[in-house]
$ cat work-v6.tsv   # TSV, N, CA and C atoms
chain	number	residue	atom	x	y	z
A	3	PHE	N	-13.39	-33.21	-8.33
A	3	PHE	CA	-13.77	-33.34	-6.93
A	3	PHE	C	-12.53	-33.34	-6.04
A	4	PHE	N	-11.56	-34.18	-6.39
A	4	PHE	CA	-10.38	-34.27	-5.55
A	4	PHE	C	-9.44	-33.09	-5.75
A	5	GLN	N	-9.55	-32.40	-6.90
A	5	GLN	CA	-8.78	-31.18	-7.10
A	5	GLN	C	-9.20	-30.12	-6.10
A	6	ALA	N	-10.48	-30.08	-5.77
A	6	ALA	CA	-10.96	-29.10	-4.78
A	6	ALA	C	-10.31	-29.38	-3.44
A	7	GLU	N	-10.19	-30.64	-3.08
A	7	GLU	CA	-9.54	-31.01	-1.83
A	7	GLU	C	-8.09	-30.54	-1.83
A	8	ASP	N	-7.37	-30.81	-2.92
A	8	ASP	CA	-5.98	-30.41	-3.01
A	8	ASP	C	-5.82	-28.90	-2.93
A	9	GLY	N	-6.77	-28.17	-3.50
A	9	GLY	CA	-6.68	-26.72	-3.54
A	9	GLY	C	-6.82	-26.06	-2.19
A	10	ILE	N	-7.35	-26.75	-1.21
A	10	ILE	CA	-7.58	-26.13	0.11
A	10	ILE	C	-6.75	-26.79	1.20
A	11	ARG	N	-6.04	-27.86	0.87
A	11	ARG	CA	-5.30	-28.64	1.87
A	11	ARG	C	-4.29	-27.80	2.66
A	12	ASP	N	-3.51	-26.94	2.00
A	12	ASP	CA	-2.51	-26.13	2.70
A	12	ASP	C	-3.13	-25.24	3.76
A	13	ALA	N	-4.24	-24.59	3.41
A	13	ALA	CA	-4.91	-23.71	4.38
A	13	ALA	C	-5.41	-24.51	5.58
A	14	GLN	N	-5.92	-25.71	5.34
A	14	GLN	CA	-6.40	-26.54	6.44
A	14	GLN	C	-5.24	-26.99	7.32
A	15	GLU	N	-4.16	-27.42	6.71
A	15	GLU	CA	-3.02	-27.90	7.48
A	15	GLU	C	-2.42	-26.78	8.32
A	16	SER	N	-2.36	-25.57	7.79
A	16	SER	CA	-1.79	-24.45	8.54
A	16	SER	C	-2.63	-24.10	9.77
A	17	ARG	N	-3.91	-24.47	9.75
A	17	ARG	CA	-4.79	-24.20	10.89
A	17	ARG	C	-4.99	-25.43	11.76
A	18	GLY	N	-4.35	-26.56	11.40
A	18	GLY	CA	-4.47	-27.77	12.19
A	18	GLY	C	-5.82	-28.44	12.09
A	19	LEU	N	-6.53	-28.24	10.97
A	19	LEU	CA	-7.85	-28.82	10.80
A	19	LEU	C	-7.74	-30.24	10.28
A	20	GLY	N	-8.77	-31.04	10.53
A	20	GLY	CA	-8.82	-32.40	10.03
A	20	GLY	C	-8.87	-32.43	8.52
A	21	ASP	N	-8.53	-33.56	7.96
A	21	ASP	CA	-8.54	-33.74	6.51
A	21	ASP	C	-9.93	-33.60	5.93
A	22	VAL	N	-9.97	-33.31	4.64
A	22	VAL	CA	-11.21	-33.37	3.89
A	22	VAL	C	-11.43	-34.84	3.57
A	23	TYR	N	-12.57	-35.37	3.93
A	23	TYR	CA	-12.85	-36.78	3.71
A	23	TYR	C	-13.42	-37.01	2.34
A	24	LYS	N	-13.12	-38.15	1.75
A	24	LYS	CA	-13.56	-38.47	0.40
A	24	LYS	C	-14.69	-39.49	0.46
A	25	ARG	N	-15.65	-39.31	-0.39
A	25	ARG	CA	-16.74	-40.27	-0.53
A	25	ARG	C	-16.84	-40.64	-2.00
A	26	GLN	N	-17.21	-41.85	-2.28
A	26	GLN	CA	-17.34	-42.29	-3.66
A	26	GLN	C	-18.64	-41.78	-4.27
A	27	ALA	N	-18.56	-41.39	-5.50
A	27	ALA	CA	-19.74	-40.98	-6.26
A	27	ALA	C	-19.55	-41.45	-7.69
A	28	SER	N	-20.62	-41.59	-8.40
A	28	SER	CA	-20.58	-42.03	-9.79
A	28	SER	C	-19.93	-40.97	-10.66
A	29	ASN	N	-19.54	-41.37	-11.86
A	29	ASN	CA	-19.07	-40.40	-12.84
A	29	ASN	C	-20.23	-39.51	-13.24
A	30	PHE	N	-19.93	-38.27	-13.57
A	30	PHE	CA	-20.98	-37.34	-13.96
A	30	PHE	C	-20.42	-36.31	-14.92
A	31	PHE	N	-21.31	-35.62	-15.62
A	31	PHE	CA	-20.91	-34.61	-16.58
A	31	PHE	C	-21.46	-33.26	-16.14
A	32	THR	N	-20.58	-32.28	-16.06
A	32	THR	CA	-20.99	-30.92	-15.70
A	32	THR	C	-19.87	-29.97	-16.14
A	33	ASP	N	-20.03	-28.71	-15.87
A	33	ASP	CA	-18.98	-27.74	-16.14
A	33	ASP	C	-17.95	-27.87	-15.02
A	34	GLU	N	-16.87	-28.57	-15.31
A	34	GLU	CA	-15.87	-28.89	-14.30
A	34	GLU	C	-15.27	-27.62	-13.66
A	35	ASN	N	-15.01	-26.61	-14.47
A	35	ASN	CA	-14.40	-25.38	-13.94
A	35	ASN	C	-15.34	-24.66	-12.97
A	36	ARG	N	-16.61	-24.58	-13.33
A	36	ARG	CA	-17.56	-23.89	-12.45
A	36	ARG	C	-17.81	-24.70	-11.17
A	37	LEU	N	-17.90	-26.03	-11.30
A	37	LEU	CA	-18.06	-26.86	-10.12
A	37	LEU	C	-16.87	-26.70	-9.20
A	38	MET	N	-15.66	-26.69	-9.75
A	38	MET	CA	-14.45	-26.49	-8.96
A	38	MET	C	-14.48	-25.14	-8.26
A	39	GLN	N	-14.92	-24.10	-8.97
A	39	GLN	CA	-15.01	-22.76	-8.38
A	39	GLN	C	-15.94	-22.76	-7.17
A	40	VAL	N	-17.09	-23.41	-7.30
A	40	VAL	CA	-18.06	-23.47	-6.20
A	40	VAL	C	-17.48	-24.25	-5.02
A	41	LEU	N	-16.93	-25.43	-5.30
A	41	LEU	CA	-16.40	-26.26	-4.21
A	41	LEU	C	-15.24	-25.58	-3.49
A	42	LEU	N	-14.35	-24.94	-4.25
A	42	LEU	CA	-13.24	-24.23	-3.62
A	42	LEU	C	-13.73	-23.07	-2.77
A	43	ASN	N	-14.75	-22.36	-3.23
A	43	ASN	CA	-15.29	-21.26	-2.45
A	43	ASN	C	-15.90	-21.77	-1.15
A	44	LEU	N	-16.68	-22.84	-1.23
A	44	LEU	CA	-17.31	-23.39	-0.03
A	44	LEU	C	-16.27	-23.94	0.94
A	45	LEU	N	-15.26	-24.63	0.41
A	45	LEU	CA	-14.19	-25.14	1.28
A	45	LEU	C	-13.37	-24.02	1.89
A	46	SER	N	-13.11	-22.99	1.11
A	46	SER	CA	-12.36	-21.85	1.62
A	46	SER	C	-13.11	-21.16	2.76
A	47	ASN	N	-14.41	-20.93	2.56
A	47	ASN	CA	-15.21	-20.31	3.63
A	47	ASN	C	-15.23	-21.18	4.87
A	48	ALA	N	-15.44	-22.48	4.68
A	48	ALA	CA	-15.48	-23.39	5.82
A	48	ALA	C	-14.16	-23.36	6.58
A	49	THR	N	-13.06	-23.32	5.85
A	49	THR	CA	-11.74	-23.30	6.48
A	49	THR	C	-11.49	-21.98	7.20
A	50	LYS	N	-11.89	-20.87	6.61
A	50	LYS	CA	-11.70	-19.56	7.25
A	50	LYS	C	-12.42	-19.47	8.59
A	51	PHE	N	-13.61	-20.03	8.65
A	51	PHE	CA	-14.44	-19.87	9.84
A	51	PHE	C	-14.38	-21.07	10.78
A	52	THR	N	-13.41	-21.96	10.57
A	52	THR	CA	-13.20	-23.09	11.47
A	52	THR	C	-11.84	-22.94	12.13
A	53	VAL	N	-11.84	-22.57	13.39
A	53	VAL	CA	-10.60	-22.36	14.12
A	53	VAL	C	-10.01	-23.69	14.56
A	54	LYS	N	-10.86	-24.62	14.98
A	54	LYS	CA	-10.41	-25.97	15.34
A	54	LYS	C	-11.52	-26.95	14.95
A	55	GLY	N	-11.13	-28.19	14.77
A	55	GLY	CA	-12.11	-29.20	14.39
A	55	GLY	C	-11.83	-29.73	13.01
A	56	LYS	N	-12.87	-29.77	12.15
A	56	LYS	CA	-12.70	-30.35	10.83
A	56	LYS	C	-13.54	-29.64	9.78
A	57	VAL	N	-13.11	-29.84	8.55
A	57	VAL	CA	-13.86	-29.43	7.37
A	57	VAL	C	-13.94	-30.68	6.49
A	58	CYS	N	-15.12	-31.01	6.05
A	58	CYS	CA	-15.34	-32.26	5.34
A	58	CYS	C	-16.08	-32.00	4.03
A	59	LEU	N	-15.55	-32.53	2.93
A	59	LEU	CA	-16.19	-32.46	1.62
A	59	LEU	C	-16.71	-33.85	1.29
A	60	GLN	N	-17.97	-33.94	0.91
A	60	GLN	CA	-18.58	-35.23	0.58
A	60	GLN	C	-19.27	-35.14	-0.77
A	61	ALA	N	-19.29	-36.26	-1.47
A	61	ALA	CA	-20.06	-36.39	-2.71
A	61	ALA	C	-20.89	-37.65	-2.57
A	62	GLU	N	-22.18	-37.53	-2.82
A	62	GLU	CA	-23.10	-38.64	-2.63
A	62	GLU	C	-23.97	-38.79	-3.87
A	63	SER	N	-24.03	-39.99	-4.42
A	63	SER	CA	-24.91	-40.26	-5.56
A	63	SER	C	-26.34	-40.36	-5.05
A	64	ILE	N	-27.21	-39.49	-5.55
A	64	ILE	CA	-28.62	-39.50	-5.17
A	64	ILE	C	-29.39	-40.43	-6.11
A	65	ASN	N	-29.13	-40.30	-7.40
A	65	ASN	CA	-29.68	-41.18	-8.41
A	65	ASN	C	-28.75	-41.12	-9.61
A	66	GLU	N	-29.13	-41.72	-10.73
A	66	GLU	CA	-28.21	-41.76	-11.87
A	66	GLU	C	-27.95	-40.39	-12.49
A	67	ASN	N	-28.77	-39.39	-12.17
A	67	ASN	CA	-28.60	-38.05	-12.74
A	67	ASN	C	-28.16	-37.01	-11.73
A	68	THR	N	-28.03	-37.38	-10.46
A	68	THR	CA	-27.79	-36.36	-9.43
A	68	THR	C	-26.72	-36.80	-8.44
A	69	ILE	N	-25.77	-35.91	-8.22
A	69	ILE	CA	-24.78	-36.08	-7.16
A	69	ILE	C	-24.91	-34.88	-6.24
A	70	ARG	N	-24.98	-35.13	-4.95
A	70	ARG	CA	-25.06	-34.06	-3.96
A	70	ARG	C	-23.68	-33.88	-3.34
A	71	PHE	N	-23.17	-32.66	-3.46
A	71	PHE	CA	-21.92	-32.29	-2.80
A	71	PHE	C	-22.28	-31.56	-1.52
A	72	SER	N	-21.51	-31.82	-0.48
A	72	SER	CA	-21.73	-31.06	0.75
A	72	SER	C	-20.39	-30.76	1.40
A	73	VAL	N	-20.34	-29.61	2.03
A	73	VAL	CA	-19.19	-29.18	2.80
A	73	VAL	C	-19.70	-28.99	4.22
A	74	GLU	N	-19.07	-29.66	5.15
A	74	GLU	CA	-19.49	-29.58	6.55
A	74	GLU	C	-18.29	-29.15	7.39
A	75	ASP	N	-18.53	-28.28	8.36
A	75	ASP	CA	-17.44	-27.84	9.22
A	75	ASP	C	-17.89	-27.76	10.67
A	76	THR	N	-16.91	-27.67	11.54
A	76	THR	CA	-17.17	-27.49	12.97
A	76	THR	C	-16.78	-26.08	13.39
A	77	GLY	N	-17.01	-25.14	12.48
A	77	GLY	CA	-16.62	-23.75	12.69
A	77	GLY	C	-17.57	-22.98	13.59
A	78	ILE	N	-17.57	-21.67	13.42
A	78	ILE	CA	-18.33	-20.80	14.32
A	78	ILE	C	-19.83	-20.83	14.05
A	79	GLY	N	-20.23	-21.33	12.90
A	79	GLY	CA	-21.65	-21.39	12.58
A	79	GLY	C	-22.21	-20.03	12.21
A	80	ILE	N	-23.49	-20.03	11.88
A	80	ILE	CA	-24.17	-18.81	11.44
A	80	ILE	C	-25.43	-18.64	12.27
A	81	LYS	N	-25.64	-17.45	12.78
A	81	LYS	CA	-26.86	-17.17	13.55
A	81	LYS	C	-28.07	-17.24	12.62
A	82	PRO	N	-29.20	-17.74	13.11
A	82	PRO	CA	-30.40	-17.89	12.27
A	82	PRO	C	-30.83	-16.61	11.56
A	83	GLU	N	-30.66	-15.47	12.21
A	83	GLU	CA	-31.10	-14.21	11.59
A	83	GLU	C	-30.25	-13.81	10.40
A	84	HIS	N	-29.06	-14.41	10.26
A	84	HIS	CA	-28.19	-14.09	9.12
A	84	HIS	C	-28.41	-15.00	7.92
A	85	LEU	N	-29.07	-16.12	8.10
A	85	LEU	CA	-29.24	-17.09	7.01
A	85	LEU	C	-30.03	-16.55	5.81
A	86	PRO	N	-31.12	-15.78	6.00
A	86	PRO	CA	-31.89	-15.33	4.84
A	86	PRO	C	-31.11	-14.46	3.85
A	87	ASN	N	-30.10	-13.75	4.31
A	87	ASN	CA	-29.34	-12.86	3.43
A	87	ASN	C	-27.98	-13.41	3.03
A	88	LEU	N	-27.73	-14.66	3.35
A	88	LEU	CA	-26.41	-15.24	3.14
A	88	LEU	C	-25.94	-15.18	1.69
A	89	PHE	N	-26.87	-15.32	0.75
A	89	PHE	CA	-26.50	-15.35	-0.67
A	89	PHE	C	-26.79	-14.03	-1.38
A	90	SER	N	-27.12	-13.00	-0.64
A	90	SER	CA	-27.37	-11.68	-1.23
A	90	SER	C	-26.04	-11.01	-1.61
A	91	THR	N	-26.07	-10.25	-2.69
A	91	THR	CA	-24.88	-9.55	-3.15
A	91	THR	C	-24.35	-8.61	-2.08
A	92	TYR	N	-23.06	-8.66	-1.87
A	92	TYR	CA	-22.33	-7.85	-0.88
A	92	TYR	C	-22.83	-8.08	0.55
A	93	SER	N	-23.42	-9.22	0.79
A	93	SER	CA	-23.88	-9.54	2.14
A	93	SER	C	-22.73	-10.17	2.91
A	94	LYS	N	-22.26	-9.48	3.90
A	94	LYS	CA	-21.19	-9.98	4.76
A	94	LYS	C	-21.66	-9.80	6.20
A	95	ILE	N	-21.61	-10.87	6.96
A	95	ILE	CA	-22.05	-10.80	8.36
A	95	ILE	C	-21.10	-9.89	9.11
A	96	GLN	N	-21.65	-8.85	9.69
A	96	GLN	CA	-20.84	-7.88	10.40
A	96	GLN	C	-20.78	-8.23	11.88
A	97	SER	N	-19.67	-8.78	12.28
A	97	SER	CA	-19.41	-9.06	13.69
A	97	SER	C	-17.90	-9.04	13.89
A	98	LYS	N	-17.49	-8.83	15.10
A	98	LYS	CA	-16.06	-8.77	15.40
A	98	LYS	C	-15.39	-10.09	15.02
A	99	GLU	N	-16.03	-11.21	15.37
A	99	GLU	CA	-15.46	-12.53	15.09
A	99	GLU	C	-15.35	-12.77	13.57
A	100	ASN	N	-16.39	-12.45	12.82
A	100	ASN	CA	-16.35	-12.62	11.37
A	100	ASN	C	-15.28	-11.75	10.74
A	101	ASN	N	-15.17	-10.52	11.18
A	101	ASN	CA	-14.18	-9.61	10.61
A	101	ASN	C	-12.75	-10.04	10.94
A	102	GLN	N	-12.55	-10.68	12.09
A	102	GLN	CA	-11.22	-11.19	12.42
A	102	GLN	C	-10.86	-12.40	11.56
A	103	LEU	N	-11.82	-13.28	11.33
A	103	LEU	CA	-11.56	-14.50	10.58
A	103	LEU	C	-11.53	-14.28	9.07
A	104	ASN	N	-12.24	-13.25	8.60
A	104	ASN	CA	-12.32	-12.96	7.17
A	104	ASN	C	-12.30	-11.46	6.93
A	105	PRO	N	-11.15	-10.82	7.17
A	105	PRO	CA	-11.10	-9.36	7.06
A	105	PRO	C	-11.20	-8.81	5.65
A	106	THR	N	-10.90	-9.62	4.63
A	106	THR	CA	-10.86	-9.10	3.27
A	106	THR	C	-12.09	-9.45	2.44
A	107	GLY	N	-12.96	-10.32	2.93
A	107	GLY	CA	-14.14	-10.71	2.16
A	107	GLY	C	-15.08	-9.55	1.94
A	108	VAL	N	-15.73	-9.53	0.76
A	108	VAL	CA	-16.66	-8.44	0.44
A	108	VAL	C	-18.10	-8.92	0.30
A	109	GLY	N	-18.33	-10.23	0.42
A	109	GLY	CA	-19.69	-10.73	0.34
A	109	GLY	C	-20.16	-11.10	-1.05
A	110	LEU	N	-19.23	-11.54	-1.89
A	110	LEU	CA	-19.61	-11.95	-3.25
A	110	LEU	C	-19.42	-13.45	-3.51
A	111	GLY	N	-18.57	-14.11	-2.77
A	111	GLY	CA	-18.26	-15.52	-3.02
A	111	GLY	C	-19.47	-16.43	-3.00
A	112	LEU	N	-20.27	-16.33	-1.96
A	112	LEU	CA	-21.46	-17.18	-1.86
A	112	LEU	C	-22.52	-16.79	-2.88
A	113	THR	N	-22.61	-15.50	-3.17
A	113	THR	CA	-23.57	-15.04	-4.18
A	113	THR	C	-23.23	-15.66	-5.53
A	114	ILE	N	-21.98	-15.57	-5.92
A	114	ILE	CA	-21.53	-16.11	-7.20
A	114	ILE	C	-21.68	-17.63	-7.22
A	115	SER	N	-21.27	-18.29	-6.14
A	115	SER	CA	-21.39	-19.75	-6.07
A	115	SER	C	-22.84	-20.20	-6.20
A	116	ASN	N	-23.73	-19.51	-5.54
A	116	ASN	CA	-25.14	-19.87	-5.60
A	116	ASN	C	-25.70	-19.67	-7.01
A	117	MET	N	-25.30	-18.59	-7.67
A	117	MET	CA	-25.74	-18.34	-9.04
A	117	MET	C	-25.22	-19.43	-9.97
A	118	LEU	N	-23.97	-19.85	-9.79
A	118	LEU	CA	-23.40	-20.91	-10.63
A	118	LEU	C	-24.13	-22.23	-10.43
A	119	VAL	N	-24.46	-22.56	-9.20
A	119	VAL	CA	-25.19	-23.79	-8.92
A	119	VAL	C	-26.54	-23.77	-9.62
A	120	LYS	N	-27.22	-22.64	-9.55
A	120	LYS	CA	-28.52	-22.52	-10.24
A	120	LYS	C	-28.36	-22.64	-11.75
A	121	MET	N	-27.31	-22.04	-12.30
A	121	MET	CA	-27.08	-22.09	-13.75
A	121	MET	C	-26.73	-23.49	-14.22
A	122	MET	N	-26.08	-24.28	-13.36
A	122	MET	CA	-25.74	-25.65	-13.72
A	122	MET	C	-26.94	-26.58	-13.53
A	123	LYS	N	-28.07	-25.99	-13.14
A	123	LYS	CA	-29.31	-26.73	-12.93
A	123	LYS	C	-29.15	-27.84	-11.90
A	124	ILE	N	-28.38	-27.55	-10.91
A	124	ILE	CA	-28.18	-28.49	-9.82
A	124	ILE	C	-29.33	-28.32	-8.85
A	125	ASP	N	-29.88	-29.42	-8.40
A	125	ASP	CA	-30.94	-29.41	-7.38
A	125	ASP	C	-32.14	-28.60	-7.83
A	126	SER	N	-32.57	-28.83	-9.05
A	126	SER	CA	-33.78	-28.18	-9.60
A	126	SER	C	-33.73	-26.66	-9.52
A	127	GLN	N	-32.58	-26.09	-9.71
A	127	GLN	CA	-32.35	-24.64	-9.70
A	127	GLN	C	-32.69	-23.98	-8.38
A	128	GLN	N	-32.64	-24.73	-7.30
A	128	GLN	CA	-32.91	-24.13	-5.98
A	128	GLN	C	-31.68	-23.50	-5.37
A	129	GLY	N	-30.53	-23.79	-5.88
A	129	GLY	CA	-29.31	-23.20	-5.35
A	129	GLY	C	-28.75	-23.98	-4.18
A	130	ILE	N	-27.83	-23.34	-3.49
A	130	ILE	CA	-27.13	-23.95	-2.36
A	130	ILE	C	-28.03	-23.93	-1.14
A	131	LYS	N	-28.06	-25.02	-0.42
A	131	LYS	CA	-28.82	-25.11	0.83
A	131	LYS	C	-27.85	-25.06	1.99
A	132	VAL	N	-28.26	-24.41	3.08
A	132	VAL	CA	-27.39	-24.26	4.24
A	132	VAL	C	-28.14	-24.68	5.50
A	133	GLU	N	-27.44	-25.44	6.32
A	133	GLU	CA	-27.89	-25.74	7.67
A	133	GLU	C	-26.77	-25.28	8.59
A	134	SER	N	-27.10	-24.58	9.64
A	134	SER	CA	-26.06	-24.08	10.53
A	134	SER	C	-26.59	-23.93	11.94
A	135	GLU	N	-25.68	-24.18	12.87
A	135	GLU	CA	-25.98	-23.93	14.28
A	135	GLU	C	-24.85	-23.06	14.81
A	136	TYR	N	-25.22	-21.90	15.28
A	136	TYR	CA	-24.23	-20.95	15.76
A	136	TYR	C	-23.40	-21.58	16.90
A	137	GLY	N	-22.10	-21.50	16.76
A	137	GLY	CA	-21.20	-22.05	17.76
A	137	GLY	C	-20.83	-23.52	17.53
A	138	LYS	N	-21.47	-24.17	16.55
A	138	LYS	CA	-21.21	-25.59	16.31
A	138	LYS	C	-20.78	-25.91	14.89
A	139	GLY	N	-21.15	-25.09	13.93
A	139	GLY	CA	-20.72	-25.35	12.57
A	139	GLY	C	-21.85	-25.28	11.57
A	140	SER	N	-21.50	-25.57	10.32
A	140	SER	CA	-22.43	-25.45	9.20
A	140	SER	C	-22.29	-26.61	8.25
A	141	ARG	N	-23.34	-26.77	7.46
A	141	ARG	CA	-23.34	-27.76	6.38
A	141	ARG	C	-24.14	-27.20	5.23
$ encode --input "work-v6.tsv" --output "structure tokens"
Amino acid sequence: FFQAEDGIRDAQESRGLGDVYKRQASNFFTDENRLMQVLLNLLSNATKFTVKGKVCLQAESINENTIRFSVEDTGIGIKPEHLPNLFSTYSKIQSKENNQLNPTGVGLGLTISNMLVKMMKIDSQQGIKVESEYGKGSR
């Protein structure tokens, strides 16, 4: 969990973003490498699309078998019409602002992360959930 924070700290500091906040969660067993891959991807995306404000990583114990991770940012947010295709292969939101903030992305990071979450049987295989308000940020 904290390795994910360390892995994205330099990018956040270079953009003047707030720290990633830590929350306590119980010990748990999972594929550490795949969980790290997902968290780093989500933190990286949040950092890319947050010009000012904060990016926050949280871990919350839901019950003895479940920990909910969330990444929240005060970035540009996602328009409602783009949410249904967010996890589709090669789905990249085409806009001037998105292309400026993420010129090299090809639309695979969220697809892969969502597949990994489902494979780890996190959240009853429903995958990653997204809440976003355009112009205010995402969670």
$ closest_residue --input "work-v6.tsv" --among "A:Phe51, A:Cys58, A:Lys120, A:Ser115" --to "Asn100 of chain A" --atoms "all atoms listed in the file"
A:Phe51
$ closest_residue --input "work-v6.tsv" --among "A:Leu85, A:Ile95, A:Met121, A:Ile130" --to "Gly109 of chain A" --atoms "only N, CA and C atoms"
A:Ile95
$ closest_residue --input "work-v6.tsv" --among "A:Gly139, A:Lys131, A:Phe31, A:Leu37" --to "Pro86 of chain A" --atoms "only C-alpha atoms"
A:Lys131
$ closest_residue --input "work-v6.tsv" --among "A:Leu110, A:Met38, A:Leu44, A:Val132" --to "Lys94 of chain A" --atoms "only N, CA and C atoms"
A:Leu110
$ atom_distance --input "work-v6.tsv" --atom1 "atom C of Lys54 of chain A" --atom2 "atom CA of Gly77 of chain A"
6.4 Å
$ atom_distance --input "work-v6.tsv" --atom1 "atom N of Gly79 of chain A" --atom2 "atom CA of Gln128 of chain A"
22.9 Å
$ atom_distance --input "work-v6.tsv" --atom1 "atom C of Phe71 of chain A" --atom2 "atom C of Val53 of chain A"
21.7 Å
$ closest_residue --input "work-v6.tsv" --among "A:Leu59, A:Val40, A:Leu103, A:Ile64" --to "Ile78 of chain A" --atoms "only C-alpha atoms"
A:Leu103
$ decode --input "work-v6.tsv" --residues "segment 96-113 of chain A" --atoms "N, CA and C atoms" --output "mmCIF file, in the first residue's frame"
data_model
loop_
_atom_site.group_PDB
_atom_site.id
_atom_site.type_symbol
_atom_site.label_atom_id
_atom_site.label_comp_id
_atom_site.auth_asym_id
_atom_site.auth_seq_id
_atom_site.Cartn_x
_atom_site.Cartn_y
_atom_site.Cartn_z
ATOM 1 N N GLN A 96 -11.056 11.615 -26.096
ATOM 2 C CA GLN A 96 -10.456 12.502 -27.074
ATOM 3 C C GLN A 96 -10.926 13.935 -26.832
ATOM 4 N N SER A 97 -10.052 14.711 -26.256
ATOM 5 C CA SER A 97 -10.298 16.142 -26.074
ATOM 6 C C SER A 97 -8.945 16.835 -26.028
ATOM 7 N N LYS A 98 -8.941 18.102 -26.313
ATOM 8 C CA LYS A 98 -7.694 18.864 -26.315
ATOM 9 C C LYS A 98 -7.032 18.801 -24.938
ATOM 10 N N GLU A 99 -7.837 18.981 -23.888
ATOM 11 C CA GLU A 99 -7.311 18.973 -22.521
ATOM 12 C C GLU A 99 -6.719 17.603 -22.161
ATOM 13 N N ASN A 100 -7.423 16.533 -22.470
ATOM 14 C CA ASN A 100 -6.916 15.190 -22.185
ATOM 15 C C ASN A 100 -5.634 14.903 -22.947
ATOM 16 N N ASN A 101 -5.590 15.290 -24.200
ATOM 17 C CA ASN A 101 -4.400 15.036 -25.010
ATOM 18 C C ASN A 101 -3.198 15.845 -24.533
ATOM 19 N N GLN A 102 -3.440 17.036 -23.972
ATOM 20 C CA GLN A 102 -2.337 17.823 -23.422
ATOM 21 C C GLN A 102 -1.803 17.200 -22.135
ATOM 22 N N LEU A 103 -2.697 16.710 -21.286
ATOM 23 C CA LEU A 103 -2.295 16.162 -19.998
ATOM 24 C C LEU A 103 -1.754 14.735 -20.104
ATOM 25 N N ASN A 104 -2.182 14.002 -21.132
ATOM 26 C CA ASN A 104 -1.761 12.608 -21.306
ATOM 27 C C ASN A 104 -1.547 12.309 -22.787
ATOM 28 N N PRO A 105 -0.500 12.884 -23.376
ATOM 29 C CA PRO A 105 -0.302 12.723 -24.819
ATOM 30 C C PRO A 105 0.114 11.329 -25.260
ATOM 31 N N THR A 106 0.670 10.520 -24.365
ATOM 32 C CA THR A 106 1.196 9.218 -24.769
ATOM 33 C C THR A 106 0.288 8.044 -24.420
ATOM 34 N N GLY A 107 -0.755 8.267 -23.644
ATOM 35 C CA GLY A 107 -1.641 7.165 -23.256
ATOM 36 C C GLY A 107 -2.363 6.574 -24.450
ATOM 37 N N VAL A 108 -2.580 5.244 -24.411
ATOM 38 C CA VAL A 108 -3.267 4.573 -25.517
ATOM 39 C C VAL A 108 -4.610 3.983 -25.109
ATOM 40 N N GLY A 109 -4.964 4.090 -23.825
ATOM 41 C CA GLY A 109 -6.260 3.587 -23.389
ATOM 42 C C GLY A 109 -6.262 2.146 -22.938
ATOM 43 N N LEU A 110 -5.146 1.689 -22.383
ATOM 44 C CA LEU A 110 -5.077 0.306 -21.888
ATOM 45 C C LEU A 110 -4.937 0.213 -20.371
ATOM 46 N N GLY A 111 -4.432 1.230 -19.723
ATOM 47 C CA GLY A 111 -4.159 1.176 -18.288
ATOM 48 C C GLY A 111 -5.377 0.841 -17.450
ATOM 49 N N LEU A 112 -6.468 1.544 -17.670
ATOM 50 C CA LEU A 112 -7.681 1.288 -16.890
ATOM 51 C C LEU A 112 -8.309 -0.051 -17.263
ATOM 52 N N THR A 113 -8.203 -0.431 -18.525
ATOM 53 C CA THR A 113 -8.731 -1.726 -18.955
ATOM 54 C C THR A 113 -8.011 -2.852 -18.218
#
